[in-house]
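Coordinates from model-v7.txt are shown below (compact mmCIF, C-alpha atoms (C1' of nucleotides)).
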# COMPACT_ATOMS: atom_id res chain seq x y z
CA MET A 1 1.83 5.88 9.00
CA ASN A 2 4.37 8.67 9.02
CA GLY A 3 6.58 9.26 12.04
CA SER A 4 6.57 13.01 11.52
CA LEU A 5 2.86 13.14 12.18
CA LEU A 6 2.90 13.07 15.96
CA LEU A 7 5.91 15.34 15.94
CA LEU A 8 4.08 17.99 13.93
CA GLU A 9 1.05 17.69 16.20
CA ARG A 10 3.25 18.23 19.26
CA LEU A 11 5.16 21.01 17.54
CA GLY A 12 1.86 22.75 16.82
CA ALA A 13 0.91 22.51 20.49
CA LEU A 14 4.27 23.92 21.57
CA ILE A 15 4.04 26.80 19.12
CA HIS A 16 0.60 27.63 20.44
CA GLN A 17 1.92 27.45 23.96
CA SER A 18 4.85 29.74 23.19
CA THR A 19 2.48 32.21 21.61
CA ARG A 20 0.30 32.08 24.69
CA ASP A 21 3.30 32.87 26.87
CA ASP A 22 4.25 35.80 24.65
CA ALA A 23 0.71 37.10 24.77
CA ALA A 24 0.42 36.71 28.54
CA ARG A 25 3.46 38.93 28.98
CA HIS A 26 1.31 41.77 27.56
CA GLY A 27 -1.95 40.75 29.15
CA LEU A 28 -3.23 39.33 25.87
CA LEU A 29 -4.37 36.03 24.44
CA PRO A 30 -2.75 34.07 21.60
CA ILE A 31 -5.16 35.22 18.91
CA HIS A 32 -4.46 38.87 19.78
CA VAL A 33 -0.75 38.52 19.09
CA GLN A 34 -1.45 36.47 15.98
CA VAL A 35 -3.72 39.17 14.61
CA LEU A 36 -1.11 41.86 15.30
CA SER A 37 1.52 39.75 13.57
CA TYR A 38 -0.78 39.27 10.60
CA LEU A 39 -1.49 42.99 10.30
CA ALA A 40 2.22 43.74 10.35
CA ARG A 41 2.54 41.65 7.18
CA ALA A 42 -0.72 42.36 5.33
CA ASN A 43 -0.96 44.64 2.27
CA ARG A 44 -3.70 47.22 1.74
CA TYR A 45 -6.11 44.70 0.23
CA SER A 46 -5.80 42.49 3.27
CA ASP A 47 -5.74 44.65 6.40
CA ILE A 48 -9.49 44.29 6.92
CA PRO A 49 -11.55 42.17 9.32
CA ILE A 50 -12.84 39.71 6.73
CA ALA A 51 -9.29 38.86 5.69
CA ILE A 52 -8.38 38.07 9.28
CA ALA A 53 -11.42 35.82 9.55
CA GLU A 54 -10.30 33.95 6.43
CA TYR A 55 -6.67 33.73 7.48
CA PHE A 56 -7.42 32.22 10.88
CA GLY A 57 -10.58 30.32 9.98
CA LEU A 58 -12.81 32.27 12.38
CA THR A 59 -16.25 33.78 11.97
CA ARG A 60 -16.69 37.50 11.32
CA GLY A 61 -18.37 37.88 14.69
CA THR A 62 -15.44 36.40 16.58
CA VAL A 63 -12.97 38.61 14.75
CA SER A 64 -15.11 41.67 15.33
CA GLN A 65 -14.91 41.16 19.08
CA SER A 66 -11.20 40.46 19.17
CA LEU A 67 -10.59 43.61 17.16
CA ALA A 68 -12.69 45.59 19.63
CA VAL A 69 -10.41 44.39 22.41
CA LEU A 70 -7.27 45.32 20.48
CA GLU A 71 -8.69 48.76 19.71
CA ARG A 72 -9.71 49.34 23.31
CA LYS A 73 -6.16 48.52 24.39
CA GLY A 74 -4.76 50.96 21.86
CA LEU A 75 -2.88 48.37 19.80
CA ILE A 76 -4.73 48.97 16.53
CA GLU A 77 -6.75 51.74 14.90
CA LYS A 78 -9.80 51.41 12.67
CA LYS A 79 -9.85 53.74 9.67
CA PRO A 80 -13.00 53.90 7.51
CA ASP A 81 -12.28 53.37 3.82
CA GLU A 82 -13.77 56.22 1.76
CA ARG A 83 -13.75 54.21 -1.45
CA HIS A 84 -15.58 51.23 -0.01
CA GLY A 85 -18.30 52.47 2.31
CA ARG A 86 -18.53 49.56 4.65
CA ARG A 87 -14.89 48.58 4.88
CA VAL A 88 -12.59 49.32 7.78
CA GLN A 89 -8.84 49.49 7.41
CA LEU A 90 -6.89 48.17 10.37
CA LEU A 91 -3.63 49.86 11.30
CA LEU A 92 -1.07 48.91 13.91
CA THR A 93 -0.25 51.61 16.43
CA PRO A 94 3.31 51.96 17.74
CA ALA A 95 2.13 50.17 20.88
CA GLY A 96 0.82 47.34 18.73
CA ARG A 97 4.11 47.07 16.91
CA ALA A 98 5.96 47.00 20.21
CA VAL A 99 4.10 43.86 21.28
CA LEU A 100 5.65 41.99 18.36
CA GLU A 101 9.17 42.85 19.46
CA ASP A 102 9.80 40.05 21.93
CA SER A 103 8.60 36.83 20.42
CA TRP A 104 9.17 33.12 20.88
CA THR A 105 10.35 33.08 17.28
CA LYS A 106 13.71 34.26 18.56
CA ASP A 107 14.07 30.89 20.24
CA LEU A 108 12.86 29.08 17.17
CA ASP A 109 15.34 30.98 15.06
CA ALA A 110 18.18 29.84 17.28
CA GLU A 111 17.00 26.24 17.10
CA LEU A 112 16.69 26.35 13.34
CA ALA A 113 20.25 27.62 13.07
CA ALA A 114 21.40 24.43 14.77
CA ALA A 115 19.15 22.15 12.71
CA PRO A 116 20.99 19.44 10.80
CA MET A 117 19.15 20.06 7.55
CA LEU A 118 19.59 22.21 4.53
CA ALA A 119 17.58 25.36 5.12
CA GLY A 120 16.17 25.43 1.60
CA GLN A 121 15.04 21.85 1.76
CA LEU A 122 13.19 22.32 5.04
CA GLU A 123 11.57 25.44 3.64
CA ASP A 124 10.36 23.61 0.55
CA THR A 125 8.88 20.82 2.64
CA LEU A 126 7.10 23.19 5.00
CA ARG A 127 5.78 25.28 2.12
CA GLY A 128 4.40 22.14 0.53
CA LEU A 129 2.68 21.14 3.75
CA LEU A 130 1.19 24.60 4.14
CA THR A 131 -0.14 24.75 0.59
CA GLY A 132 -1.63 21.30 0.89
CA LEU A 133 -3.31 21.95 4.21
CA GLN A 134 -4.73 25.22 2.98
CA ARG A 135 -6.16 23.60 -0.13
CA ARG A 136 -7.71 20.80 1.88
CA ASN A 137 -9.34 23.32 4.22
CA GLY A 138 -10.68 25.29 1.27
CA GLN A 139 -8.78 28.39 2.25
CA ARG A 140 -7.20 31.24 0.39
CA PRO A 141 -3.43 30.79 0.18
CA PHE A 142 -2.42 34.34 1.19
CA GLY A 143 0.83 34.78 -0.73
CA ILE A 144 2.82 37.84 -1.76
CA CYS A 145 2.50 39.80 -5.02
CA HIS A 146 5.87 38.85 -6.49
CA HIS A 147 4.70 35.27 -6.84
CA CYS A 148 1.08 36.02 -7.74
CA ALA A 149 -0.70 35.26 -11.00
CA HIS A 150 -2.10 38.81 -11.03
CA TYR A 151 1.27 40.47 -10.66
CA LEU A 152 2.23 42.66 -13.63
CA ARG A 153 5.71 44.10 -13.96
CA GLU A 154 5.66 47.38 -15.85
CA ALA A 155 8.10 49.98 -17.07
CA ASP A 156 7.78 52.25 -14.05
CA GLY A 157 6.98 49.81 -11.28
CA SER A 158 4.31 47.15 -10.98
CA ARG A 159 0.55 46.71 -11.04
CA CYS A 160 -2.06 44.30 -9.77
CA GLY A 161 -3.85 42.74 -12.74
CA LEU A 162 -6.92 42.07 -10.61
CA THR A 163 -7.59 45.55 -9.28
CA ARG A 164 -5.75 47.33 -12.11
CA GLU A 165 -4.06 49.50 -9.52
CA PRO A 166 -0.35 50.30 -9.40
CA LEU A 167 1.51 48.73 -6.51
CA ALA A 168 4.00 50.47 -4.28
CA GLU A 169 7.12 48.34 -4.05
CA GLU A 170 6.71 48.12 -0.29
CA GLN A 171 3.21 46.61 -0.73
CA THR A 172 4.35 43.77 -2.94
CA VAL A 173 6.21 41.94 -0.18
CA ARG A 174 3.15 41.79 2.04
CA LEU A 175 0.47 39.14 2.41
CA CYS A 176 -2.49 39.49 0.07
CA ARG A 177 -5.83 37.70 0.37
CA GLU A 178 -6.32 37.95 -3.41
CA TRP A 179 -3.19 35.95 -4.06
CA THR A 180 -3.50 33.31 -6.77
CA MET A 181 -1.01 30.66 -7.73
CA PRO A 182 0.48 31.18 -11.20
CA ALA A 183 -0.28 28.43 -13.71
CA ALA A 184 3.40 27.61 -14.12
CA GLN A 185 3.85 26.29 -10.57
CA SER A 186 0.39 24.85 -10.01
CA ALA A 187 1.82 21.50 -8.91
CA MET B 1 16.85 35.52 9.76
CA ASN B 2 15.60 32.11 8.77
CA GLY B 3 12.98 31.71 6.06
CA SER B 4 11.41 28.75 7.78
CA LEU B 5 10.40 30.92 10.70
CA LEU B 6 7.28 32.50 9.26
CA LEU B 7 6.39 29.19 7.67
CA LEU B 8 6.46 27.41 11.01
CA GLU B 9 4.42 30.18 12.60
CA ARG B 10 1.79 29.84 9.89
CA LEU B 11 1.93 26.08 10.06
CA GLY B 12 1.25 26.26 13.78
CA ALA B 13 -1.78 28.45 13.16
CA LEU B 14 -3.10 26.06 10.52
CA ILE B 15 -2.61 23.05 12.76
CA HIS B 16 -4.53 24.81 15.51
CA GLN B 17 -7.24 25.68 13.04
CA SER B 18 -7.54 22.10 11.81
CA THR B 19 -7.77 20.90 15.39
CA ARG B 20 -10.51 23.44 16.03
CA ASP B 21 -12.44 22.12 13.04
CA ASP B 22 -12.07 18.53 14.27
CA ALA B 23 -13.23 19.55 17.72
CA ALA B 24 -16.20 21.52 16.43
CA ARG B 25 -17.46 18.42 14.62
CA HIS B 26 -18.01 16.90 18.08
CA GLY B 27 -19.15 20.06 19.83
CA LEU B 28 -15.76 20.43 21.52
CA LEU B 29 -12.91 22.92 21.66
CA PRO B 30 -9.31 22.33 20.55
CA ILE B 31 -7.92 21.70 24.01
CA HIS B 32 -10.52 18.97 24.59
CA VAL B 33 -9.37 16.97 21.60
CA GLN B 34 -5.75 17.59 22.47
CA VAL B 35 -6.29 16.23 25.97
CA LEU B 36 -8.03 13.14 24.62
CA SER B 37 -5.18 12.59 22.19
CA TYR B 38 -2.68 12.96 24.99
CA LEU B 39 -4.48 10.46 27.22
CA ALA B 40 -4.54 7.95 24.39
CA ARG B 41 -0.75 8.02 24.42
CA ALA B 42 0.11 8.48 28.12
CA ASN B 43 1.42 5.69 30.35
CA ARG B 44 0.19 5.02 33.88
CA TYR B 45 2.57 7.56 35.43
CA SER B 46 1.25 10.27 33.16
CA ASP B 47 -2.52 9.92 32.85
CA ILE B 48 -3.16 12.40 35.68
CA PRO B 49 -4.23 16.08 35.67
CA ILE B 50 -0.87 17.51 36.69
CA ALA B 51 0.81 15.80 33.74
CA ILE B 52 -1.69 17.38 31.36
CA ALA B 53 -1.01 20.78 32.89
CA GLU B 54 2.72 20.27 32.31
CA TYR B 55 2.32 18.93 28.81
CA PHE B 56 0.20 21.84 27.59
CA GLY B 57 1.66 24.55 29.81
CA LEU B 58 -1.62 25.30 31.59
CA THR B 59 -2.43 25.83 35.26
CA ARG B 60 -3.94 23.06 37.34
CA GLY B 61 -7.14 25.06 37.72
CA THR B 62 -7.62 25.40 33.98
CA VAL B 63 -7.01 21.70 33.44
CA SER B 64 -9.39 20.81 36.26
CA GLN B 65 -12.22 22.62 34.53
CA SER B 66 -11.54 21.16 31.09
CA LEU B 67 -11.50 17.68 32.60
CA ALA B 68 -14.84 18.38 34.28
CA VAL B 69 -16.30 19.16 30.86
CA LEU B 70 -14.86 16.00 29.31
CA GLU B 71 -16.20 13.91 32.19
CA ARG B 72 -19.64 15.47 31.98
CA LYS B 73 -19.74 14.62 28.27
CA GLY B 74 -18.77 11.03 29.00
CA LEU B 75 -15.47 11.11 27.12
CA ILE B 76 -13.24 10.33 30.11
CA GLU B 77 -13.56 8.70 33.53
CA LYS B 78 -11.83 9.66 36.74
CA LYS B 79 -10.56 6.75 38.81
CA PRO B 80 -9.17 7.45 42.31
CA ASP B 81 -5.71 5.96 42.83
CA GLU B 82 -5.67 3.80 45.99
CA ARG B 83 -1.91 3.95 46.32
CA HIS B 84 -1.71 7.73 46.12
CA GLY B 85 -4.57 9.21 48.06
CA ARG B 86 -5.00 12.46 46.19
CA ARG B 87 -4.29 11.33 42.67
CA VAL B 88 -6.88 10.71 40.01
CA GLN B 89 -6.28 8.43 37.06
CA LEU B 90 -7.86 9.56 33.81
CA LEU B 91 -9.22 6.95 31.44
CA LEU B 92 -10.65 7.34 27.96
CA THR B 93 -14.12 5.93 27.46
CA PRO B 94 -15.05 4.29 24.14
CA ALA B 95 -16.83 7.53 23.26
CA GLY B 96 -13.64 9.45 23.99
CA ARG B 97 -11.65 7.13 21.78
CA ALA B 98 -14.18 7.55 18.99
CA VAL B 99 -13.58 11.30 18.89
CA LEU B 100 -9.98 10.66 17.91
CA GLU B 101 -10.99 8.60 14.90
CA ASP B 102 -11.52 11.30 12.33
CA SER B 103 -8.65 13.72 12.56
CA TRP B 104 -6.99 16.33 10.40
CA THR B 105 -3.83 14.26 10.71
CA LYS B 106 -5.19 12.12 7.90
CA ASP B 107 -4.73 15.11 5.62
CA LEU B 108 -1.33 15.83 7.02
CA ASP B 109 -0.32 12.24 6.47
CA ALA B 110 -1.26 12.49 2.82
CA GLU B 111 0.69 15.71 2.43
CA LEU B 112 3.74 14.24 4.08
CA ALA B 113 3.67 11.31 1.71
CA ALA B 114 4.06 13.76 -1.17
CA ALA B 115 6.78 15.79 0.53
CA PRO B 116 10.02 16.03 -1.41
CA MET B 117 12.22 15.20 1.54
CA LEU B 118 13.58 12.11 3.15
CA ALA B 119 11.20 11.11 5.92
CA GLY B 120 13.95 10.36 8.40
CA GLN B 121 15.66 13.67 7.81
CA LEU B 122 12.47 15.68 8.39
CA GLU B 123 11.82 13.67 11.52
CA ASP B 124 15.27 14.42 12.91
CA THR B 125 14.87 18.12 12.25
CA LEU B 126 11.45 18.29 13.86
CA ARG B 127 12.61 16.29 16.86
CA GLY B 128 15.50 18.70 17.31
CA LEU B 129 13.16 21.68 17.17
CA LEU B 130 10.83 20.09 19.70
CA THR B 131 13.58 19.24 22.14
CA GLY B 132 15.07 22.71 21.88
CA LEU B 133 11.76 24.50 22.35
CA GLN B 134 10.87 22.34 25.32
CA ARG B 135 14.21 23.02 26.98
CA ARG B 136 13.86 26.75 26.41
CA ASN B 137 10.39 26.71 27.95
CA GLY B 138 11.68 24.78 30.95
CA GLN B 139 9.37 21.87 30.27
CA ARG B 140 9.56 18.15 30.79
CA PRO B 141 10.35 16.39 27.54
CA PHE B 142 7.70 13.65 27.77
CA GLY B 143 9.42 10.81 25.92
CA ILE B 144 8.83 7.05 25.88
CA CYS B 145 10.46 4.44 28.11
CA HIS B 146 12.54 2.74 25.44
CA HIS B 147 14.65 5.86 25.08
CA CYS B 148 14.64 6.87 28.75
CA ALA B 149 17.60 7.06 31.12
CA HIS B 150 15.58 5.17 33.74
CA TYR B 151 14.72 2.28 31.46
CA LEU B 152 16.12 -1.06 32.63
CA ARG B 153 15.97 -4.13 30.43
CA GLU B 154 15.76 -7.30 32.48
CA ALA B 155 15.66 -11.04 31.94
CA ASP B 156 11.86 -11.28 32.04
CA GLY B 157 10.79 -7.93 30.68
CA SER B 158 11.70 -4.41 31.76
CA ARG B 159 11.60 -2.10 34.75
CA CYS B 160 11.56 1.62 35.49
CA GLY B 161 14.72 2.52 37.44
CA LEU B 162 12.99 5.53 38.97
CA THR B 163 9.93 3.87 40.46
CA ARG B 164 11.54 0.39 40.67
CA GLU B 165 8.37 -1.05 39.20
CA PRO B 166 8.22 -3.57 36.37
CA LEU B 167 6.81 -2.23 33.13
CA ALA B 168 4.27 -3.95 30.95
CA GLU B 169 5.54 -3.94 27.37
CA GLU B 170 2.47 -2.01 26.27
CA GLN B 171 3.31 0.78 28.74
CA THR B 172 6.81 1.35 27.43
CA VAL B 173 5.68 2.83 24.13
CA ARG B 174 3.57 5.50 25.80
CA LEU B 175 4.40 9.05 26.84
CA CYS B 176 5.88 9.42 30.31
CA ARG B 177 6.25 12.64 32.29
CA GLU B 178 9.23 11.18 34.17
CA TRP B 179 11.15 10.72 30.95
CA THR B 180 14.81 11.74 31.12
CA MET B 181 17.29 11.96 28.29
CA PRO B 182 20.07 9.35 28.52
CA ALA B 183 23.57 10.78 28.94
CA ALA B 184 24.73 9.19 25.70
CA GLN B 185 22.49 11.33 23.47
CA SER B 186 22.51 14.48 25.53
CA ALA B 187 23.59 16.56 22.54
C1' DA C 1 -35.11 48.98 -9.74
C1' DT C 2 -34.96 44.90 -7.21
C1' DT C 3 -32.57 41.17 -5.47
C1' DT C 4 -28.47 39.12 -3.85
C1' DT C 5 -24.07 39.13 -1.94
C1' DA C 6 -20.43 41.09 0.99
C1' DA C 7 -18.84 43.21 5.19
C1' DG C 8 -19.40 44.50 9.69
C1' DT C 9 -21.88 44.69 14.25
C1' DA C 10 -24.75 43.21 18.42
C1' DT C 11 -26.10 39.79 21.72
C1' DA C 12 -26.50 35.47 24.35
C1' DG C 13 -24.52 31.16 25.99
C1' DA C 14 -20.85 27.70 26.81
C1' DG C 15 -16.32 27.39 27.86
C1' DT C 16 -11.13 28.75 28.31
C1' DC C 17 -7.73 30.63 31.08
C1' DG C 18 -5.27 32.91 34.97
C1' DA C 19 -5.45 34.26 39.73
C1' DT C 20 -6.53 33.30 44.13
C1' DA C 21 -7.88 30.72 47.83
C1' DC C 22 -8.63 26.36 49.79
C1' DA C 23 -8.43 21.19 51.02
C1' DT C 24 -6.09 16.94 51.27
C1' DT C 25 -2.19 13.86 50.99
C1' DC C 26 2.53 12.82 51.17
C1' DC C 27 7.31 13.46 52.86
C1' DG C 28 10.94 15.67 55.15
C1' DG C 29 13.15 16.50 59.56
C1' DT C 30 13.10 16.72 64.37
C1' DA D 1 4.62 11.33 66.98
C1' DC D 2 4.61 16.03 65.48
C1' DC D 3 5.22 19.96 62.51
C1' DG D 4 5.96 22.26 58.11
C1' DG D 5 6.34 22.28 53.46
C1' DA D 6 5.55 20.42 48.93
C1' DA D 7 2.51 18.19 45.71
C1' DT D 8 -2.01 17.47 43.82
C1' DG D 9 -6.59 18.61 42.98
C1' DT D 10 -10.81 21.66 43.44
C1' DA D 11 -13.85 26.02 43.76
C1' DT D 12 -14.85 30.64 42.36
C1' DC D 13 -14.42 35.17 39.93
C1' DG D 14 -13.59 37.97 35.91
C1' DA D 15 -12.09 38.91 31.19
C1' DC D 16 -12.28 37.04 27.00
C1' DT D 17 -12.99 33.57 22.95
C1' DC D 18 -15.92 31.43 19.90
C1' DT D 19 -20.30 30.00 17.65
C1' DA D 20 -24.85 30.97 16.32
C1' DT D 21 -28.26 34.06 15.22
C1' DA D 22 -30.10 38.16 13.87
C1' DC D 23 -29.50 42.60 12.22
C1' DT D 24 -27.56 46.63 9.49
C1' DT D 25 -25.51 48.88 5.45
C1' DA D 26 -23.10 49.06 0.98
C1' DA D 27 -21.90 47.07 -3.29
C1' DA D 28 -22.86 43.98 -7.15
C1' DA D 29 -25.76 41.46 -10.10
C1' DT D 30 -29.92 40.73 -12.54
Can you give me the file's structure in the form of structure tokens?
Amino acid sequence: MNGSLLLLERLGALIHQSTRDDAARHGLLPIHVQVLSYLARANRYSDIPIAIAEYFGLTRGTVSQSLAVLERKGLIEKKPDERHGRRVQLLLTPAGRAVLEDSWTKDLDAELAAAPMLAGQLEDTLRGLLTGLQRRNGQRPFGICHHCAHYLREADGSRCGLTREPLAEEQTVRLCREWTMPAAQSA
Amino acid sequence: MNGSLLLLERLGALIHQSTRDDAARHGLLPIHVQVLSYLARANRYSDIPIAIAEYFGLTRGTVSQSLAVLERKGLIEKKPDERHGRRVQLLLTPAGRAVLEDSWTKDLDAELAAAPMLAGQLEDTLRGLLTGLQRRNGQRPFGICHHCAHYLREADGSRCGLTREPLAEEQTVRLCREWTMPAAQSA
DNA sequence: ATTTTAAGTATAGAGTCGATACATTCCGGT
DNA sequence: ACCGGAATGTATCGACTCTATACTTAAAAT
């Protein structure tokens, strides 16, 4: 029995609570803010409803309704994808971006600065927990291109080996639902 | 900007998601399981609706409704408190206890065992984060008697200096909403 | 060309959650 | 003993989540 277990459970509850407070300040619910935060960090393969469903472990129907609310409030825009008939690209509006400005993470940041632990070590531990939990839940890991098995560095930029498309530098630091762990670090 | 920030945000989302999965297995929602888990660890000063509202940052009305659901499903019982006319003591039924048996924390436990960090160090860091977040949210800290400023060790057992009542040993390891940090460790 | 899969939507039902109003009990001071 | 406020719990309304189910349409596989 690990003593950190109850602490992590409580920490999860507090994080959820802080997110709820943030959301309430804008007349929203936690999942709304979480979706906005996700979209602010998703690349062009991942700013679609199905990716949100996978990321948060929700059904497509649930996500569809939450997105309708966000669109009605003018926080996101739906843009049909010409190349894939059925797909809808989700874009943050300036108003949507503004919601992310004041966040509980400011507080967390301050607390972390005072934490009596090496930052890198804590990061490694948390990353390990995340990866493990995701694997156990049968979820996609949602990493960034630079550390992806499909990432190809080329003479004049980079390319995704899965879609064969060139990648704008700005896209490669965003979350991707196609992310795959390279063989080298498959521990 | 701390790198652990996004990790903790994602970890919070995953914890919530795991809790939702656990709850769904019993036809419940996350908050239901969280309330049951809380009641399993609350002492006799803290197994009342108002304490749950404080612990999870919800209004009394919201908690009242969730408790009605749990009672209707036979997972808790409400027992009027003779000494305090209006208060209601909340007790887990065997069925309620059974819900807590299979939990995502089993997975988390396994992951923690493989974590490349000293258990005590991680615990200290997490405890610091918790305390800081709670203070920033203006919440009660909800600790256990053994580390409480009101805790009095006596010849034949122990006593709560706030209520003047003697404490059964079994009660002193449970969460208490009256918990106060001793001056010595007020860092 | 036909089937299967993927992606999104629509709808109904249970329940959360906040807001508001209300009832009851306790506790303070006078 | 009385009054007023604080604490605790409940009732009700409205917006919304979330699942389940059924339904579309487009892409992929055979």
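Computed from the coordinates, the atom CA of Phe56 of chain A to atom CA of Pro182 of chain A distance equals 23.5 Å.
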**Prompt:** Which polymer residues have any atom within 8 Å of an atom of segment 1-17 of chain C, counting only C-alpha atoms (C1' of nucleotides), with same-chain residues fewer than 2 positions away left out, as a list of chain:residue names?
**Reply:** A:Ile50, A:Arg60, A:Gly61, A:Ser64, A:Arg86, A:Arg87, B:Thr62, D:DT17, D:DC23, D:DT24, D:DA27, D:DA28, D:DA29, D:DT30
- request: Mind checking which residues fall within 12 Å of Gly27 of chain A, counting all atoms listed in the file, ignoring those fewer than 6 positions away in the same chain, and posting them as a PyMOL selection string?
  value: (chain A and resi 20-21+33+69-70+73+99) or (chain C and resi 17-18) or (chain D and resi 15-16)
Residues at most 10 Å from Leu8 of chain B, counting only C-alpha atoms (C1' of nucleotides), excluding those fewer than 2 positions away in the same chain, as number ranges by chain? A: 11-12, 15, 105, 108, 123, 126-127, 130; B: 3-6, 10-14
Between D:DT8, D:DT19, D:DG14, D:DC2, smallest distance to chain B by all atoms listed in the file belongs to D:DT8
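Residues in contact with Asp156 of chain B at up to 10 Å, not including ones fewer than 3 positions away on its chain and judged by all atoms listed in the file, are Arg153, Arg159 and Pro166 of chain B.
When the distance limit is 10 Å and all atoms listed in the file are what count, the residues near His147 of chain A, minus those fewer than 6 positions from it on the same chain, are Thr172, Val173, Trp179, Thr180, Met181, Pro182 and Gln185 of chain A.
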Between atom CA of Arg177 of chain B and atom CA of Leu152 of chain B lies a distance of 16.9 Å
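In this structure, atom CA of Leu91 of chain B sits 14.3 Å away from atom CA of Gln34 of chain B.
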What are the closest atom pairs, with distances in Å to one decimal, for all residues of chain D lying within 10 Å of chain B? Consider only C-alpha atoms (C1' of nucleotides), order rows by chain and residue number, and present the result as CSV.
residue,atom,partner,partner_atom,distance
D:DA7,C1',B:Arg86,CA,9.5
D:DT8,C1',B:Arg86,CA,6.3
D:DG9,C1',B:Arg86,CA,7.1
D:DT10,C1',B:Ser64,CA,7.4
D:DA11,C1',B:Gly61,CA,9.1
D:DC18,C1',B:Leu29,CA,9.2
D:DT19,C1',B:Ala24,CA,9.5
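Each of A:Thr19, A:Ser37, A:Thr125, A:Ser158 was compared to Tyr55 of chain A using all atoms listed in the file, and A:Ser37 turns out to be the nearest.
Between chain A and the residues B:Ala51, B:Ala114, B:Leu28, B:Val63, the shortest atom-to-atom distance, using only C-alpha atoms, involves B:Ala114.
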